[in-house]
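A.B. asks: Handing you this structure, nothing more for now.
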Amino acid sequence: GNSVTQMEGPVTLSEEAFLTINCTYTATGYPSLFWYVQYPGEGLQLLLKATKADDKGSNKGFEATYRKETTSFHLEKGSVQVSDSAVYFCALSSTTDSWGKFQFGAGTQVVVTP
Amino acid sequence: ETGVTQSPTHLIKTRGQQVTLRCSSQSGHNTVSWYQQALGQGPQFIFQYYREEENGRGNFPPRFSGLQFPNYSSELNVNALELDDSALYLCASSSGGHTQYFGPGTRLTVL
């Protein structure tokens, strides 16, 4: 079945540091890939998405490129801020499954210190 | 444009009780999905409703059931509550595509 694996946290960084969160997936067909962010006590907010190979999603300084050859969708940001502290979830939606059935990774907590 | 809303925000129940959680989808969205997020874990798909019909279900027992109404709002019902049902329940809506937009969630505590 479909699955998403992302790096364990917490990831602790200083402000202005470079952030990378690794995400790899297993899926049949051609999934769409997503990054969601969850701030404490809140629901999930869509951060960015990519729907086909080599697409790059970007938003608020975050980027991720859909790499079919390595089945990866790593999240990057060049200079993090304290306000980026949150839990980040990688997710996929497969075209060969019920397209409402998102498969999420376990989440990676990011802590940015001043 | 109104986003996805959920009620109540928090809920405390005891084992064996029943609970109903509510979700209003984003304007123009005809599909609602429900997820269970245990503490420290990623959300797990419960089921999805499209135009008032169940359209896919995850690995949850039948005591988890749902409804979708003509205005596309939805309910999640859980019978015979167990301690392990304590979690954040998330509702997400979408329309004709893969992107889902999530509500703030309902925190359910079962004692």
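Residues in the structure tokens are numbered from 1 in each chain, the chains being A, B, ... in the order shown, and ligands are numbered from 1 in the order shown.
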For range 30-44 of chain A, list every protein, DNA or RNA residue within 7 Å, evaluated using only C-alpha atoms, and leave out those in the same chain fewer than 3 positions away; present the list as a PyMOL selection string.

C.D. replies: (chain A and resi 27+47-52+86-95) or (chain B and resi 102-105)

A.B. asks: Please provide as number ranges by chain all residues within 6 Å of Gln18 in chain B, with the sequence filter that same-chain residues fewer than 5 positions apart are discarded (counting only C-alpha atoms).

C.D. replies: B: 78-80

A.B. asks: Give me, as JSON, numbers by chain, the contact residues of chain A against chain B at a cut-off of 7 Å, counting only C-alpha atoms.

C.D. replies: {"A": [42, 43, 44, 45, 46, 93, 98, 99, 100, 101, 102, 104, 105, 106, 107]}

A.B. asks: Include N, CA, C and O atoms and write out the residues we just selected as a CSV table (one decimal), in the first residue's frame.

C.D. replies:
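Result file is again_23.csv:
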chain,number,residue,atom,x,y,z
A,42,GLU,N,-3.7,23.7,16.7
A,42,GLU,CA,-4.5,24.0,15.5
A,42,GLU,C,-4.6,22.9,14.6
A,42,GLU,O,-4.0,21.8,14.8
A,43,GLY,N,-5.4,23.0,13.5
A,43,GLY,CA,-5.5,22.0,12.5
A,43,GLY,C,-4.3,22.1,11.5
A,43,GLY,O,-3.4,22.9,11.7
A,44,LEU,N,-4.5,21.5,10.4
A,44,LEU,CA,-3.4,21.4,9.4
A,44,LEU,C,-3.6,22.5,8.3
A,44,LEU,O,-4.7,22.7,7.8
A,45,GLN,N,-2.6,23.2,8.0
A,45,GLN,CA,-2.6,24.2,6.9
A,45,GLN,C,-1.8,23.7,5.7
A,45,GLN,O,-0.7,23.3,5.9
A,46,LEU,N,-2.4,23.8,4.5
A,46,LEU,CA,-1.6,23.5,3.3
A,46,LEU,C,-0.4,24.4,3.1
A,46,LEU,O,-0.6,25.7,3.1
A,93,SER,N,-1.5,11.8,-2.0
A,93,SER,CA,-2.9,11.4,-2.5
A,93,SER,C,-2.7,10.7,-3.8
A,93,SER,O,-2.2,11.2,-4.8
A,98,SER,N,-8.8,5.9,-3.5
A,98,SER,CA,-9.8,6.9,-3.2
A,98,SER,C,-9.1,8.3,-3.1
A,98,SER,O,-8.2,8.4,-2.2
A,99,TRP,N,-9.4,9.2,-3.9
A,99,TRP,CA,-8.5,10.4,-3.9
A,99,TRP,C,-8.7,11.3,-2.7
A,99,TRP,O,-8.1,12.3,-2.6
A,100,GLY,N,-9.6,10.9,-1.9
A,100,GLY,CA,-9.7,11.6,-0.6
A,100,GLY,C,-8.9,11.1,0.5
A,100,GLY,O,-8.7,11.6,1.5
A,101,LYS,N,-8.3,9.9,0.2
A,101,LYS,CA,-7.5,9.2,1.3
A,101,LYS,C,-6.1,9.7,1.3
A,101,LYS,O,-5.2,9.1,0.6
A,102,PHE,N,-5.8,10.7,2.0
A,102,PHE,CA,-4.5,11.2,2.1
A,102,PHE,C,-3.7,10.2,3.1
A,102,PHE,O,-4.2,9.8,4.1
A,104,PHE,N,-0.5,10.3,5.4
A,104,PHE,CA,0.4,11.2,6.0
A,104,PHE,C,1.6,10.5,6.6
A,104,PHE,O,1.6,9.4,7.1
A,105,GLY,N,2.7,11.3,6.6
A,105,GLY,CA,3.9,10.8,7.4
A,105,GLY,C,3.6,11.1,8.9
A,105,GLY,O,2.6,11.7,9.3
A,106,ALA,N,4.5,10.7,9.8
A,106,ALA,CA,4.3,10.9,11.2
A,106,ALA,C,4.5,12.3,11.7
A,106,ALA,O,4.2,12.6,12.9
A,107,GLY,N,5.1,13.1,10.8
A,107,GLY,CA,5.3,14.5,11.2
A,107,GLY,C,6.7,14.8,11.7
A,107,GLY,O,7.3,13.9,12.3

A.B. asks: Suppose you want the space between CA of Asn71 in chain B and CA of Arg22 in chain B; what is it in Å?

C.D. replies: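 CA of Arg22 in chain B lies 12.9 Å from CA of Asn71 in chain B.
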
A.B. asks: Would you list the contacts of Tyr25 in chain A as a VMD selection string, taking every protein, DNA or RNA residue within 7 Å and counting only C-alpha atoms, but skipping same-chain residues closer than 3 positions in sequence?

C.D. replies: chain A and resid 3 to 5 71 to 72

A.B. asks: Report the distance between CA of Ser83 in chain A and CA of Lys60 in chain A in Å, rounded to one decimal place.

C.D. replies: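 Answer for the CA of Ser83 in chain A to CA of Lys60 in chain A separation: 11.5 Å.
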
A.B. asks: Just to confirm, what's the straight-line distance from CA of Thr109 in chain B to CA of His10 in chain B in Å (one decimal)?

C.D. replies: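 A separation of 8.0 Å between them.
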